[in-house]
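S.K.: Please find one structure pasted underneath; my questions will follow.
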Amino acid sequence: MTLKYLLDENVAPLYQVQLKRQKRDLVVWVVGDPGTPPKSTLDPEILCWCEEHYFLLVTNNRKSMPVHLAEHIAQDRNIPGIFILNDKLTIGQNINELILIAEASLDNEYQNQILHLPLLQER
């Protein structure tokens, strides 16, 4: 299965543009786009939408997202995964990470996990 990304409304619009430009077959939607949750949708509802439509959530939300994910899982629900952008990386570096993840991932590899970019850090 090909990964699909839902960018939350606080992720810069440039991410969607550049991801689609660099990997044309990648599905990248943004909260507020037709067919997605409307802007200002609460995070728990976004997680339900991602579960139903099998999208991985890309967000900047480091504080409350772990709480929302724990509550989601406690309700015996699942989510394909959540990626948190790294504010110490450039937009280009974050985009490269998301493209690499999309190209090299297995089905359900990130299920019920929150992962911070970059996934692999040099030592």
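Residues in the structure tokens are numbered from 1 in each chain, the chains being A, B, ... in the order shown, and ligands are numbered from 1 in the order shown.
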To test your reading of the structure, identify every residue in stretch 52-118 of chain A that backbone DSSP assigns to strand (DSSP E), and report it as a PyMOL selection string.
M.R.: chain A and resi 56-59+82-84+114-116
S.K.: Atom CA of A:Pro118 to atom CA of A:His53: how many Å, to one decimal?
M.R.: 24.9 Å
S.K.: Using only C-alpha atoms, which residues sit within 12 Å of stretch 5-12 of chain A once same-chain residues fewer than 5 positions away are excluded, as a ChimeraX atom specification?
M.R.: /A:17-20,25-33,35-43,45-47,49-51,53-61,65,80-87,90-92,94-95,98-99,101-102
S.K.: Expressed in Å to a single decimal, how great is the separation between atom CA of A:Leu115 and atom CA of A:Arg24?
M.R.: 23.9 Å
S.K.: Between A:Ile114, A:Leu89, A:Ile79, A:Leu119, which residue has the minimum interatomic distance to A:Lys63, considering only C-alpha atoms?
M.R.: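 Counting only C-alpha atoms, the residue closest to A:Lys63 is A:Ile114.
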S.K.: Do you have the atom CA of A:Leu14-atom CA of A:Val67 distance handy?
M.R.: 27.7 Å
S.K.: As a ChimeraX atom specification, please: all residues of chain A that backbone DSSP puts in helix (DSSP H, G or I).
M.R.: /A:14-22,43-53,65-74,91-104
S.K.: Nearest residue to A:His116 out of A:Asp76, A:Lys23, A:Asn96, A:Arg62, using only C-alpha atoms?
M.R.: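 Selected residue with least distance to A:His116: A:Arg62.
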S.K.: Which polymer residues have any atom within 10 Å of an atom of A:Arg77, counting only C-alpha atoms, with same-chain residues fewer than 4 positions away left out, as a PyMOL selection string?
M.R.: chain A and resi 47-48+51+69-73+112
